[in-house]
Amino acid sequence: MARIAVIGGGRIGEALIAGLLESGWAREDLVVVGRVLARIERFGIRAMTSLADATENADLIVIAVKPRDVDGVLTELAESMVGTARDQVLVSLAAGVSTARMEAGLPAGFPVVRVMSNTPMLVGQGMSAIAAGRHCSEEQLRLVGDVMEAVGKVVTVAESQMDAVTAVSGSGPAYFFLVIEAMIDASVQLGLSREVATQLVQQTMLGSAALLTESRRPGVELRAAVTSPAGTTAAAVGELERGGVRSAFGEALIAAERRSAELGAMSN
């Protein structure tokens, strides 16, 4: 197994470590760098304060810090002469940080991979998109994909598509949470208790997602199967269509993609 150094002991670093251990990664092949919280210590992996010592024997160096802290990590890595003794790959989970920015802060030719994941990785159901930098080999990119599969699904995209990925899956959980919130509120207006409404809506969303995944049928077919002519579902869907739900989602994703590009330009 590849040896992995995770820089950052926050929730994202914790989720990755938990997923790797759950998938069978050996504890001795993992090390975390930075301020380690009690929830990280429970995993029983090594915690180090020296970035140079932690990354010396690592195959993958994973940056799991806030975007504003990336430059400091890159500077420290460059000063420690990372990559001079062995083939290594830098993997960034920091939103909006381009591969060009990472490459500029590291020794020439250093392989980097940019990852855009989302919060369901905290429960092992994340959706991650990975994009290779200029010096990353296909084998190295596959290794990063294998690592990220420990916390969910993985797709490979061109870096130019990362803003679109951010709009769809990076911000996507919030859209579903908003729909759940709206359905619960509407259910309460129909006379259901909030407790019952919450259970009904949450399980309906969970079951629908499972059906979509396991049936391997497109959503349009599954929706049609539920929508009997002149029935209750048809009445509800008709109201959603008249309310402009499709155009609202379209505009929402465009706005998210645009803002992702703006934030990326500011940080890079």
# chains A, B, ... in the order shown; residues from 1 in each chain; ligands from 1
$ closest_atom_pairs --of "segment 78-149 of chain A" --to "segment 1-24 of chain A" --cutoff "10 Å" --atoms "only C-alpha atoms" --output "Markdown table"
| residue | atom | partner | partner_atom | distance |
| --- | --- | --- | --- | --- |
| A:Gln88 | CA | A:Arg3 | CA | 9.9 |
| A:Val89 | CA | A:Ile4 | CA | 9.8 |
| A:Leu90 | CA | A:Ala5 | CA | 9.8 |
| A:Val91 | CA | A:Val6 | CA | 9.4 |
| A:Ser92 | CA | A:Ile7 | CA | 9.7 |
| A:Leu93 | CA | A:Ile12 | CA | 8.2 |
| A:Ala94 | CA | A:Ile12 | CA | 9.7 |
| A:Ser117 | CA | A:Ile12 | CA | 9.5 |
| A:Asn118 | CA | A:Ile12 | CA | 9.3 |
| A:Thr119 | CA | A:Ile12 | CA | 8.2 |
| A:Pro120 | CA | A:Ala15 | CA | 9.4 |
| A:Met121 | CA | A:Ala15 | CA | 6.4 |
| A:Leu122 | CA | A:Ala15 | CA | 4.9 |
| A:Val123 | CA | A:Ala15 | CA | 7.4 |
| A:Gly124 | CA | A:Gly19 | CA | 6.3 |
| A:Gln125 | CA | A:Gly19 | CA | 9.8 |
| A:Gly126 | CA | A:Ala15 | CA | 9.8 |
| A:Leu143 | CA | A:Ala2 | CA | 8.3 |
| A:Val144 | CA | A:Ala2 | CA | 9.9 |
| A:Asp146 | CA | A:Leu20 | CA | 9.9 |
| A:Val147 | CA | A:Leu20 | CA | 7.1 |
| A:Met148 | CA | A:Leu16 | CA | 7.6 |
| A:Glu149 | CA | A:Gly19 | CA | 8.5 |
$ select_by_dssp --residues "segment 156-211 of chain A" --states "alpha helix (DSSP H)" --output "ChimeraX atom specification"
/A:162-165,172-189,194-211
$ atom_distance --atom1 "atom CA of Gly238 of chain A" --atom2 "atom CA of Ala225 of chain A"
15.4 Å
$ closest_residue --among "A:Ser50, A:Gly34, A:Leu263, A:Glu76" --to "Ala64 of chain A" --atoms "only C-alpha atoms"
A:Gly34
$ atom_distance --atom1 "atom CA of Ser137 of chain A" --atom2 "atom CA of Ala104 of chain A"
18.1 Å
$ atom_distance --atom1 "atom CA of Ala164 of chain A" --atom2 "atom CA of Glu262 of chain A"
12.5 Å
$ closest_residue --among "A:Met127, A:Cys136, A:Val168, A:Val245" --to "Val155 of chain A" --atoms "only C-alpha atoms"
A:Met127
